[in-house]
Structures are given as structure tokens and as C-alpha cells.
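Asker: So here's final.pdb (PDB, C-alpha atoms and all ligand atoms).
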ATOM      1  CA  MET A   1       0.000   0.000   0.000  1.00  0.00           C
ATOM      2  CA  ILE A   2       1.272   3.471  -0.804  1.00  0.00           C
ATOM      3  CA  THR A   3       0.327   7.002   0.261  1.00  0.00           C
ATOM      4  CA  PRO A   4      -0.816   9.989  -1.844  1.00  0.00           C
ATOM      5  CA  ALA A   5       2.364  11.854  -0.818  1.00  0.00           C
ATOM      6  CA  GLU A   6       4.397   9.085  -2.443  1.00  0.00           C
ATOM      7  CA  LEU A   7       2.780   9.913  -5.790  1.00  0.00           C
ATOM      8  CA  ARG A   8       4.386  13.343  -5.567  1.00  0.00           C
ATOM      9  CA  GLN A   9       7.692  11.697  -4.785  1.00  0.00           C
ATOM     10  CA  TYR A  10       7.216   9.300  -7.712  1.00  0.00           C
ATOM     11  CA  HIS A  11       6.628  12.187 -10.084  1.00  0.00           C
ATOM     12  CA  TYR A  12       9.808  13.901  -8.862  1.00  0.00           C
ATOM     13  CA  CYS A  13      11.913  10.739  -9.199  1.00  0.00           C
ATOM     14  CA  PRO A  14      10.577   7.164  -8.869  1.00  0.00           C
ATOM     15  CA  ARG A  15      13.972   5.958  -7.765  1.00  0.00           C
ATOM     16  CA  ILE A  16      13.915   7.968  -4.510  1.00  0.00           C
ATOM     17  CA  LEU A  17      10.725   6.120  -3.636  1.00  0.00           C
ATOM     18  CA  PHE A  18      12.360   2.798  -4.484  1.00  0.00           C
ATOM     19  CA  TYR A  19      15.301   3.524  -2.161  1.00  0.00           C
ATOM     20  CA  GLU A  20      12.971   4.499   0.675  1.00  0.00           C
ATOM     21  CA  ARG A  21      10.647   1.520   0.277  1.00  0.00           C
ATOM     22  CA  CYS A  22      12.944  -1.291  -0.813  1.00  0.00           C
ATOM     23  CA  THR A  23      16.359  -0.523   0.699  1.00  0.00           C
ATOM     24  CA  PRO A  24      17.709   0.643   4.082  1.00  0.00           C
ATOM     25  CA  VAL A  25      18.773   3.950   2.456  1.00  0.00           C
ATOM     26  CA  ARG A  26      17.036   6.949   4.032  1.00  0.00           C
ATOM     27  CA  ARG A  27      17.142  10.635   3.181  1.00  0.00           C
ATOM     28  CA  ARG A  28      18.025  13.031   5.979  1.00  0.00           C
ATOM     29  CA  GLU A  29      15.430  15.648   6.867  1.00  0.00           C
ATOM     30  CA  THR A  30      16.889  18.950   5.642  1.00  0.00           C
ATOM     31  CA  ARG A  31      16.243  22.342   7.273  1.00  0.00           C
ATOM     32  CA  ARG A  32      13.968  23.161   4.363  1.00  0.00           C
ATOM     33  CA  MET A  33      11.917  19.979   4.878  1.00  0.00           C
ATOM     34  CA  GLN A  34      11.708  20.687   8.620  1.00  0.00           C
ATOM     35  CA  TYR A  35      10.580  24.278   7.991  1.00  0.00           C
ATOM     36  CA  GLY A  36       8.000  23.042   5.479  1.00  0.00           C
ATOM     37  CA  ARG A  37       6.592  20.583   8.022  1.00  0.00           C
ATOM     38  CA  GLU A  38       6.334  23.293  10.696  1.00  0.00           C
ATOM     39  CA  ALA A  39       4.680  25.762   8.272  1.00  0.00           C
ATOM     40  CA  HIS A  40       2.235  23.026   7.276  1.00  0.00           C
ATOM     41  CA  ASP A  41       1.239  22.374  10.912  1.00  0.00           C
ATOM     42  CA  ALA A  42       0.843  26.111  11.590  1.00  0.00           C
ATOM     43  CA  GLU A  43      -1.385  26.500   8.538  1.00  0.00           C
ATOM     44  CA  THR A  44      -3.622  23.634   9.649  1.00  0.00           C
ATOM     45  CA  ALA A  45      -4.077  25.316  13.054  1.00  0.00           C
ATOM     46  CA  LEU A  46      -4.928  28.694  11.463  1.00  0.00           C
ATOM     47  CA  GLU A  47      -7.353  27.132   8.998  1.00  0.00           C
ATOM     48  CA  ARG A  48      -9.680  26.202  11.873  1.00  0.00           C
ATOM     49  CA  GLN A  49     -10.372  29.909  12.422  1.00  0.00           C
ATOM     50  CA  ARG A  50     -10.998  30.813   8.777  1.00  0.00           C
ATOM     51  CA  SER A  51     -14.057  30.811   6.578  1.00  0.00           C
ATOM     52  CA  LEU A  52     -14.336  28.750   3.368  1.00  0.00           C
ATOM     53  CA  GLN A  53     -14.216  31.882   1.208  1.00  0.00           C
ATOM     54  CA  ARG A  54     -10.803  31.120  -0.282  1.00  0.00           C
ATOM     55  CA  TYR A  55     -12.311  27.966  -1.820  1.00  0.00           C
ATOM     56  CA  GLY A  56     -15.205  29.907  -3.306  1.00  0.00           C
ATOM     57  CA  LEU A  57     -17.557  28.156  -0.875  1.00  0.00           C
ATOM     58  CA  HIS A  58     -20.087  29.804   1.415  1.00  0.00           C
ATOM     59  CA  GLU A  59     -20.669  26.880   3.711  1.00  0.00           C
ATOM     60  CA  GLY A  60     -19.595  23.293   4.224  1.00  0.00           C
ATOM     61  CA  LYS A  61     -18.597  20.779   6.840  1.00  0.00           C
ATOM     62  CA  ARG A  62     -14.866  20.724   7.605  1.00  0.00           C
ATOM     63  CA  GLU A  63     -12.863  17.769   8.880  1.00  0.00           C
ATOM     64  CA  PHE A  64      -9.141  17.960   9.632  1.00  0.00           C
ATOM     65  CA  ASN A  65      -6.481  15.255   9.315  1.00  0.00           C
ATOM     66  CA  VAL A  66      -8.841  12.706   7.787  1.00  0.00           C
ATOM     67  CA  ARG A  67      -7.375   9.198   7.777  1.00  0.00           C
ATOM     68  CA  MET A  68      -8.435   6.933   4.882  1.00  0.00           C
ATOM     69  CA  LEU A  69      -7.574   3.476   3.595  1.00  0.00           C
ATOM     70  CA  SER A  70      -8.681   1.488   0.546  1.00  0.00           C
ATOM     71  CA  THR A  71      -7.414  -2.033  -0.078  1.00  0.00           C
ATOM     72  CA  ARG A  72      -8.961  -1.900  -3.568  1.00  0.00           C
ATOM     73  CA  LEU A  73      -6.892   1.162  -4.503  1.00  0.00           C
ATOM     74  CA  GLU A  74      -3.873  -0.103  -2.491  1.00  0.00           C
ATOM     75  CA  LEU A  75      -3.734   3.372  -1.017  1.00  0.00           C
ATOM     76  CA  ASN A  76      -3.890   4.944   2.425  1.00  0.00           C
ATOM     77  CA  GLY A  77      -3.247   8.437   3.724  1.00  0.00           C
ATOM     78  CA  ILE A  78      -4.266  11.403   5.862  1.00  0.00           C
ATOM     79  CA  ALA A  79      -5.828  14.418   4.118  1.00  0.00           C
ATOM     80  CA  ASP A  80      -5.031  17.826   5.672  1.00  0.00           C
ATOM     81  CA  LEU A  81      -8.618  18.957   5.320  1.00  0.00           C
ATOM     82  CA  VAL A  82     -11.817  17.629   3.777  1.00  0.00           C
ATOM     83  CA  VAL A  83     -14.817  19.846   3.000  1.00  0.00           C
ATOM     84  CA  THR A  84     -18.268  18.382   2.392  1.00  0.00           C
ATOM     85  CA  VAL A  85     -20.891  20.458   0.571  1.00  0.00           C
ATOM     86  CA  GLY A  86     -24.132  18.622  -0.121  1.00  0.00           C
ATOM     87  CA  ALA A  87     -23.403  15.435  -2.075  1.00  0.00           C
ATOM     88  CA  GLU A  88     -19.851  16.477  -2.975  1.00  0.00           C
ATOM     89  CA  ILE A  89     -16.605  16.258  -1.012  1.00  0.00           C
ATOM     90  CA  TYR A  90     -13.305  18.092  -1.631  1.00  0.00           C
ATOM     91  CA  PRO A  91      -9.826  17.353  -0.280  1.00  0.00           C
ATOM     92  CA  VAL A  92      -7.581  20.324   0.588  1.00  0.00           C
ATOM     93  CA  GLU A  93      -3.792  20.175   0.684  1.00  0.00           C
ATOM     94  CA  PHE A  94      -1.522  22.826   2.244  1.00  0.00           C
ATOM     95  CA  LYS A  95       1.949  23.231   0.774  1.00  0.00           C
ATOM     96  CA  ASP A  96       4.949  25.303   1.775  1.00  0.00           C
ATOM     97  CA  SER A  97       5.866  26.237  -1.794  1.00  0.00           C
ATOM     98  CA  THR A  98       6.090  29.277  -4.060  1.00  0.00           C
ATOM     99  CA  ARG A  99       5.594  27.158  -7.187  1.00  0.00           C
ATOM    100  CA  GLU A 100       2.432  26.293  -9.055  1.00  0.00           C
ATOM    101  CA  PRO A 101       1.174  22.742  -8.351  1.00  0.00           C
ATOM    102  CA  ASP A 102       2.819  20.324 -10.792  1.00  0.00           C
ATOM    103  CA  LEU A 103       1.528  16.933 -11.933  1.00  0.00           C
ATOM    104  CA  GLY A 104       2.917  15.266  -8.790  1.00  0.00           C
ATOM    105  CA  HIS A 105       0.916  17.608  -6.557  1.00  0.00           C
ATOM    106  CA  GLN A 106      -2.158  17.107  -8.719  1.00  0.00           C
ATOM    107  CA  MET A 107      -1.884  13.311  -8.507  1.00  0.00           C
ATOM    108  CA  GLN A 108      -1.448  13.538  -4.724  1.00  0.00           C
ATOM    109  CA  LEU A 109      -4.626  15.581  -4.374  1.00  0.00           C
ATOM    110  CA  CYS A 110      -6.501  13.365  -6.847  1.00  0.00           C
ATOM    111  CA  ALA A 111      -5.475  10.305  -4.813  1.00  0.00           C
ATOM    112  CA  TYR A 112      -7.179  11.848  -1.759  1.00  0.00           C
ATOM    113  CA  GLY A 113     -10.259  12.398  -3.922  1.00  0.00           C
ATOM    114  CA  LEU A 114     -10.198   8.745  -5.021  1.00  0.00           C
ATOM    115  CA  LEU A 115      -9.825   7.649  -1.395  1.00  0.00           C
ATOM    116  CA  LEU A 116     -12.777   9.815  -0.363  1.00  0.00           C
ATOM    117  CA  GLU A 117     -14.933   8.328  -3.114  1.00  0.00           C
ATOM    118  CA  ALA A 118     -13.873   4.802  -2.127  1.00  0.00           C
ATOM    119  CA  THR A 119     -14.462   5.243   1.597  1.00  0.00           C
ATOM    120  CA  ARG A 120     -17.429   7.651   1.731  1.00  0.00           C
ATOM    121  CA  GLU A 121     -19.346   6.543  -1.380  1.00  0.00           C
ATOM    122  CA  THR A 122     -19.638  10.158  -2.473  1.00  0.00           C
ATOM    123  CA  HIS A 123     -18.405  12.239  -5.421  1.00  0.00           C
ATOM    124  CA  SER A 124     -15.179  14.224  -5.342  1.00  0.00           C
ATOM    125  CA  PRO A 125     -14.986  16.285  -8.552  1.00  0.00           C
ATOM    126  CA  ARG A 126     -12.104  18.545  -7.482  1.00  0.00           C
ATOM    127  CA  GLY A 127      -9.705  19.518  -4.726  1.00  0.00           C
ATOM    128  CA  TYR A 128      -7.914  22.626  -3.496  1.00  0.00           C
ATOM    129  CA  TRP A 129      -4.169  23.152  -3.263  1.00  0.00           C
ATOM    130  CA  HIS A 130      -3.180  26.056  -1.025  1.00  0.00           C
ATOM    131  CA  SER A 131       0.299  27.597  -0.868  1.00  0.00           C
ATOM    132  CA  THR A 132       1.227  28.725   2.645  1.00  0.00           C
ATOM    133  CA  ARG A 133       3.888  30.988   1.100  1.00  0.00           C
ATOM    134  CA  THR A 134       2.010  32.858  -1.642  1.00  0.00           C
ATOM    135  CA  ARG A 135      -1.424  32.489   0.040  1.00  0.00           C
ATOM    136  CA  GLU A 136      -2.784  31.410  -3.366  1.00  0.00           C
ATOM    137  CA  THR A 137      -5.361  28.633  -3.621  1.00  0.00           C
ATOM    138  CA  HIS A 138      -5.458  26.540  -6.799  1.00  0.00           C
ATOM    139  CA  VAL A 139      -8.467  24.508  -7.872  1.00  0.00           C
ATOM    140  CA  ILE A 140      -7.502  21.081  -9.227  1.00  0.00           C
ATOM    141  CA  GLU A 141     -10.231  19.413 -11.273  1.00  0.00           C
ATOM    142  CA  PHE A 142     -10.195  15.618 -11.061  1.00  0.00           C
ATOM    143  CA  SER A 143     -10.579  15.039 -14.804  1.00  0.00           C
ATOM    144  CA  ASN A 144     -10.766  11.541 -16.260  1.00  0.00           C
ATOM    145  CA  GLN A 145      -7.236  12.017 -17.559  1.00  0.00           C
ATOM    146  CA  LEU A 146      -5.858  12.979 -14.124  1.00  0.00           C
ATOM    147  CA  ARG A 147      -7.712  10.085 -12.486  1.00  0.00           C
ATOM    148  CA  LYS A 148      -6.259   7.664 -15.040  1.00  0.00           C
ATOM    149  CA  ARG A 149      -2.720   8.988 -14.606  1.00  0.00           C
ATOM    150  CA  THR A 150      -3.066   8.733 -10.827  1.00  0.00           C
ATOM    151  CA  LEU A 151      -4.363   5.151 -10.962  1.00  0.00           C
ATOM    152  CA  ASN A 152      -1.612   4.150 -13.417  1.00  0.00           C
ATOM    153  CA  ALA A 153       1.025   5.690 -11.131  1.00  0.00           C
ATOM    154  CA  ILE A 154      -0.366   3.819  -8.086  1.00  0.00           C
ATOM    155  CA  GLN A 155      -0.245   0.575 -10.075  1.00  0.00           C
ATOM    156  CA  ASP A 156       3.300   1.201 -11.295  1.00  0.00           C
ATOM    157  CA  ILE A 157       4.623   2.078  -7.808  1.00  0.00           C
ATOM    158  CA  ASN A 158       3.002  -0.945  -6.180  1.00  0.00           C
ATOM    159  CA  ALA A 159       4.402  -3.169  -8.972  1.00  0.00           C
ATOM    160  CA  PHE A 160       8.031  -2.058  -8.589  1.00  0.00           C
ATOM    161  CA  ILE A 161       7.846  -2.159  -4.788  1.00  0.00           C
ATOM    162  CA  LYS A 162       6.422  -5.705  -4.769  1.00  0.00           C
ATOM    163  CA  ALA A 163       8.989  -6.875  -7.343  1.00  0.00           C
ATOM    164  CA  GLU A 164      11.777  -4.877  -5.598  1.00  0.00           C
ATOM    165  CA  ARG A 165      12.664  -3.629  -9.079  1.00  0.00           C
ATOM    166  CA  CYS A 166      14.697  -0.417  -9.326  1.00  0.00           C
ATOM    167  CA  PRO A 167      12.889   1.951 -11.728  1.00  0.00           C
ATOM    168  CA  ALA A 168      14.584   4.142 -14.327  1.00  0.00           C
ATOM    169  CA  PRO A 169      16.125   7.377 -13.044  1.00  0.00           C
ATOM    170  CA  THR A 170      14.464  10.714 -13.605  1.00  0.00           C
ATOM    171  CA  PRO A 171      15.203  12.006 -17.125  1.00  0.00           C
ATOM    172  CA  GLN A 172      15.858  15.451 -15.588  1.00  0.00           C
ATOM    173  CA  VAL A 173      19.520  15.105 -14.656  1.00  0.00           C
ATOM    174  CA  ALA A 174      19.520  18.554 -13.009  1.00  0.00           C
ATOM    175  CA  LYS A 175      17.569  16.994 -10.132  1.00  0.00           C
ATOM    176  CA  CYS A 176      20.353  14.437  -9.631  1.00  0.00           C
ATOM    177  CA  LEU A 177      22.992  17.127  -9.132  1.00  0.00           C
ATOM    178  CA  GLU A 178      21.421  18.215  -5.852  1.00  0.00           C
ATOM    179  CA  CYS A 179      20.152  14.775  -4.781  1.00  0.00           C
ATOM    180  CA  GLU A 180      21.703  13.330  -1.628  1.00  0.00           C
ATOM    181  CA  LEU A 181      21.143   9.808  -2.999  1.00  0.00           C
ATOM    182  CA  ARG A 182      23.269  10.357  -6.103  1.00  0.00           C
ATOM    183  CA  ASN A 183      26.033   8.089  -4.760  1.00  0.00           C
ATOM    184  CA  PHE A 184      23.624   5.181  -5.167  1.00  0.00           C
ATOM    185  CA  CYS A 185      22.803   5.981  -8.809  1.00  0.00           C
ATOM    186  CA  GLY A 186      25.969   4.804 -10.507  1.00  0.00           C
ATOM    187  CA  ASP A 187      24.241   4.569 -13.874  1.00  0.00           C
ATOM    188  CA  VAL A 188      23.409   8.306 -13.840  1.00  0.00           C
ATOM    189  CA  PHE A 189      26.917   9.630 -13.145  1.00  0.00           C
TER     190      PHE A 189
HETATM  191  S1  LIG B 201      20.359  10.762  -8.226  1.00  0.00           S
HETATM  192 FE1  LIG B 201      18.755  11.268  -9.704  1.00  0.00          FE
HETATM  193  S2  LIG B 201      17.923   9.284 -10.360  1.00  0.00           S
HETATM  194 FE2  LIG B 201      19.076   8.942  -8.466  1.00  0.00          FE
HETATM  195  S3  LIG B 201      17.537   9.073  -6.848  1.00  0.00           S
HETATM  196 FE3  LIG B 201      18.467  11.112  -7.042  1.00  0.00          FE
HETATM  197  S4  LIG B 201      17.141  12.220  -8.468  1.00  0.00           S
HETATM  198 FE4  LIG B 201      16.654  10.048  -8.666  1.00  0.00          FE
END
What would you get if you wrote out this structure as C-alpha cells?
Ligand code: SF4
Answerer:
Amino acid sequence: MITPAELRQYHYCPRILFYERCTPVRRRETRRMQYGREAHDAETALERQRSLQRYGLHEGKREFNVRMLSTRLELNGIADLVVTVGAEIYPVEFKDSTREPDLGHQMQLCAYGLLLEATRETHSPRGYWHSTRTRETHVIEFSNQLRKRTLNAIQDINAFIKAERCPAPTPQVAKCLECELRNFCGDVF
């Protein structure tokens, strides 16, 4: 079973995920990662006092740190926030980032949507991705294409973890130059 956050990792470089899941190699938590985790926790605390206006919603039921598991999807995780409005439900993800959400972030959010649909028997047509740095909130529509890419990624990750098969390195070599695991990727350097 994998987590939605691992989809983001997979999009960045599937090999990092392989090292973490199938070998004793672990990445150290950097200052930046630590700061991001603290900013994330602070944002979750502040969100309890805010309205739903930033999501374009007037009212809705909010639940924080929602734990979900689906054996069918081979997925489990904890959503930062879940908002229910009528028959629809939306996951919300807080990120300490100045960048726009990339495909990895979109798949992570979509995976929460798939988990909500699997566990609550309700419809999750979109999610919200909020930057704690820029204060911008992005709406991520869970299109058929995004759902398919997310499901394919889940399948691929579970397959290489079960087979303990090292996946191909990221094609973006620039990422490798600042990767602390580069000593293990002899075929890249
Ligand atoms: S060195 Fe490159 S290919 Fe290897 S784990 Fe790091 S980012 Fe991935």
C-alpha cells in the first residue's frame, strides 16, 4: 500500500521512492523539509479559524487530518482537510511552496479524492491546493485524464515495490545534481 504523498515523490523521481521503500537507504530531513513541516502544521491550526471563502464556498462541513484506507486502490493516507458540501466532497492540501502545483501535486490531491470516493461513497470532482507561502489557492479538477494517470502511477509504484525492481532514473539530470542519494545511482553519473 502506498500514500498519496508518495505519488508526488514518484513524479519527482521514482527511484527515490524505491530507495525508501525497498532498501535501508534513508534521506536526511533537511532544514527546508523541517521548515516546510512546521509551516504546514501552523497553517492547519490557522485554517480552523478561517471561513471557506478562499475555496469559493459559502458553507460546508470541515474535517481535519482525515485518515483513509482502501485495499482496492492499495492506497492509504491522511488528508489535511476535507470539505463536504451537499453530495460532494473536496480534499484540501496545504503546501509550503512558491511554485504552481505540478503533476505530482495534482496526482497527490486526486489520490485523496479517489480515497474519499472509495471510503465515503460520495463524489469528489475537485480539490484545493493552497500555498502557505504565496497564500494562493489553486483549484484542481479531477478530470478523467488525471484520475487515469493517478491510478496508473499507483499501479506502477506498487508493482516495482512488490517486485523490488529499481525503476529508471528521472530524465531530468539537473535533479540528480542536488540529490543526496546520487552516490547510489551509478548509472546516472
Ligand atoms: S540521483 Fe537522480 S535518479 Fe538517483 S535518486 Fe536522485 S534524483 Fe533520482
Asker: Please identify all protein, DNA and RNA residues within 6 Å of ligand LIG 201 (chain B), counting only C-alpha atoms and all ligand atoms, and report them as JSON, numbers by chain.
Answerer: {"A": [13, 15, 16, 169, 170, 175, 176, 179, 181, 182, 185]}
Asker: Written as number ranges by chain, which residues does the PyMOL selection byres (((chain A and resi 122-134) around 8) and not hetatm) give for the file shown?
Answerer: A: 39-40, 43, 55, 87-98, 101, 109-110, 113-114, 116-118, 120-121, 135-143
Asker: If we count all atoms listed in the file and set the cut-off at 9 Å, which residues sit around A:Ser70, ignoring sequence neighbours fewer than 4 positions away in its own chain? Please answer as a list in words.
Answerer: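 Once the nearby chain positions are removed, what remains is Met1, Glu74, Leu75, Asn76, Leu115, Ala118 and Thr119 of chain A.
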Asker: Find the distance between atom CA of A:Asp41 and atom CA of A:Glu63 and write it in Å to one decimal.
Answerer: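 Between these atoms lies a distance of 15.0 Å.
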Asker: Extending 5 Å beyond the listed atoms of stretch 111-116 of chain A on each side, what axis-aligned box results? I want centre and edge lengths in Å to one decimal, as JSON.
Answerer:
{"center_x": -9.1, "center_y": 10.0, "center_z": -2.7, "size_x": 17.3, "size_y": 14.7, "size_z": 14.7}
Asker: Residue by residue, what does the PyMOL selection byres (((chain A and resi 61) around 7) and not hetatm) grab here? Present the result as a PDB file with C-alpha atoms, in the coordinates of the input.
Answerer:
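Output saved as expr-v5.pdb:
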ATOM      1  CA  GLY A  60     -19.595  23.293   4.224  1.00  0.00           C
ATOM      2  CA  ARG A  62     -14.866  20.724   7.605  1.00  0.00           C
ATOM      3  CA  GLU A  63     -12.863  17.769   8.880  1.00  0.00           C
ATOM      4  CA  VAL A  83     -14.817  19.846   3.000  1.00  0.00           C
ATOM      5  CA  THR A  84     -18.268  18.382   2.392  1.00  0.00           C
ATOM      6  CA  VAL A  85     -20.891  20.458   0.571  1.00  0.00           C
TER       7      VAL A  85
END
Asker: Decode the PyMOL selection byres (((chain A and resi 156) around 12) and not hetatm) for the given file into explicit residues and return them as a VMD selection string.
Answerer: chain A and resid 1 to 2 6 to 7 10 to 11 14 17 to 18 74 149 to 155 157 to 167
Asker: Nearest to A:Leu52: which of A:Gln106, A:Arg26, A:Val82, A:Glu100 is it, counting only C-alpha atoms?
Answerer: A:Val82
Asker: For the atom pair atom CA of A:Asn183 and atom CA of A:Arg21, what is the interatomic distance in Å to one decimal place?
Answerer: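 Atom CA of A:Asn183 sits 17.5 Å away from atom CA of A:Arg21.
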Asker: For A:Thr3, which of A:Tyr35, A:Tyr112, A:Phe64, A:Phe189 is the closest residue, counting all atoms listed in the file?
Answerer: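 Closest residue, counting all atoms listed in the file: A:Tyr112.
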Asker: Can you work out the spacing between atom CA of A:Ala174 and atom CA of A:Cys22 in Å, to one decimal?
Answerer: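 Between these atoms lies a distance of 24.2 Å.
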Asker: With all atoms listed in the file as the atoms that count, which of A:Leu146, A:Val173, A:Leu81, A:Leu57 lies nearest to A:Gln108?
Answerer: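 The shortest atom-to-atom distance to A:Gln108 comes from A:Leu146.
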Asker: Write a file for stretch 157-170 of chain A, containing N, CA and C atoms (output as a PDB file, in the first residue's frame).
Answerer:
ATOM      1  N   ILE A 157       3.843   2.042  -9.068  1.00  0.00           N
ATOM      2  CA  ILE A 157       4.623   2.078  -7.808  1.00  0.00           C
ATOM      3  C   ILE A 157       4.470   0.758  -7.063  1.00  0.00           C
ATOM      4  N   ASN A 158       3.225   0.313  -6.907  1.00  0.00           N
ATOM      5  CA  ASN A 158       3.002  -0.945  -6.180  1.00  0.00           C
ATOM      6  C   ASN A 158       3.711  -2.108  -6.879  1.00  0.00           C
ATOM      7  N   ALA A 159       3.755  -2.081  -8.222  1.00  0.00           N
ATOM      8  CA  ALA A 159       4.402  -3.169  -8.972  1.00  0.00           C
ATOM      9  C   ALA A 159       5.905  -3.180  -8.714  1.00  0.00           C
ATOM     10  N   PHE A 160       6.567  -2.000  -8.766  1.00  0.00           N
ATOM     11  CA  PHE A 160       8.031  -2.058  -8.589  1.00  0.00           C
ATOM     12  C   PHE A 160       8.420  -2.289  -7.123  1.00  0.00           C
ATOM     13  N   ILE A 161       7.553  -1.879  -6.206  1.00  0.00           N
ATOM     14  CA  ILE A 161       7.846  -2.159  -4.788  1.00  0.00           C
ATOM     15  C   ILE A 161       7.718  -3.664  -4.524  1.00  0.00           C
ATOM     16  N   LYS A 162       6.627  -4.265  -5.017  1.00  0.00           N
ATOM     17  CA  LYS A 162       6.422  -5.705  -4.769  1.00  0.00           C
ATOM     18  C   LYS A 162       7.529  -6.533  -5.411  1.00  0.00           C
ATOM     19  N   ALA A 163       7.947  -6.122  -6.632  1.00  0.00           N
ATOM     20  CA  ALA A 163       8.989  -6.875  -7.343  1.00  0.00           C
ATOM     21  C   ALA A 163      10.391  -6.471  -6.885  1.00  0.00           C
ATOM     22  N   GLU A 164      10.490  -5.440  -6.021  1.00  0.00           N
ATOM     23  CA  GLU A 164      11.777  -4.877  -5.598  1.00  0.00           C
ATOM     24  C   GLU A 164      12.640  -4.564  -6.818  1.00  0.00           C
ATOM     25  N   ARG A 165      12.005  -3.968  -7.814  1.00  0.00           N
ATOM     26  CA  ARG A 165      12.664  -3.629  -9.079  1.00  0.00           C
ATOM     27  C   ARG A 165      13.003  -2.141  -9.090  1.00  0.00           C
ATOM     28  N   CYS A 166      14.273  -1.823  -9.313  1.00  0.00           N
ATOM     29  CA  CYS A 166      14.697  -0.417  -9.326  1.00  0.00           C
ATOM     30  C   CYS A 166      14.212   0.255 -10.616  1.00  0.00           C
ATOM     31  N   PRO A 167      13.394   1.300 -10.514  1.00  0.00           N
ATOM     32  CA  PRO A 167      12.889   1.951 -11.728  1.00  0.00           C
ATOM     33  C   PRO A 167      13.952   2.821 -12.391  1.00  0.00           C
ATOM     34  N   ALA A 168      13.655   3.278 -13.594  1.00  0.00           N
ATOM     35  CA  ALA A 168      14.584   4.142 -14.327  1.00  0.00           C
ATOM     36  C   ALA A 168      14.757   5.456 -13.566  1.00  0.00           C
ATOM     37  N   PRO A 169      15.924   6.080 -13.720  1.00  0.00           N
ATOM     38  CA  PRO A 169      16.125   7.377 -13.044  1.00  0.00           C
ATOM     39  C   PRO A 169      15.290   8.465 -13.700  1.00  0.00           C
ATOM     40  N   THR A 170      15.146   9.582 -12.998  1.00  0.00           N
ATOM     41  CA  THR A 170      14.464  10.714 -13.605  1.00  0.00           C
ATOM     42  C   THR A 170      15.216  11.153 -14.865  1.00  0.00           C
TER      43      THR A 170
END
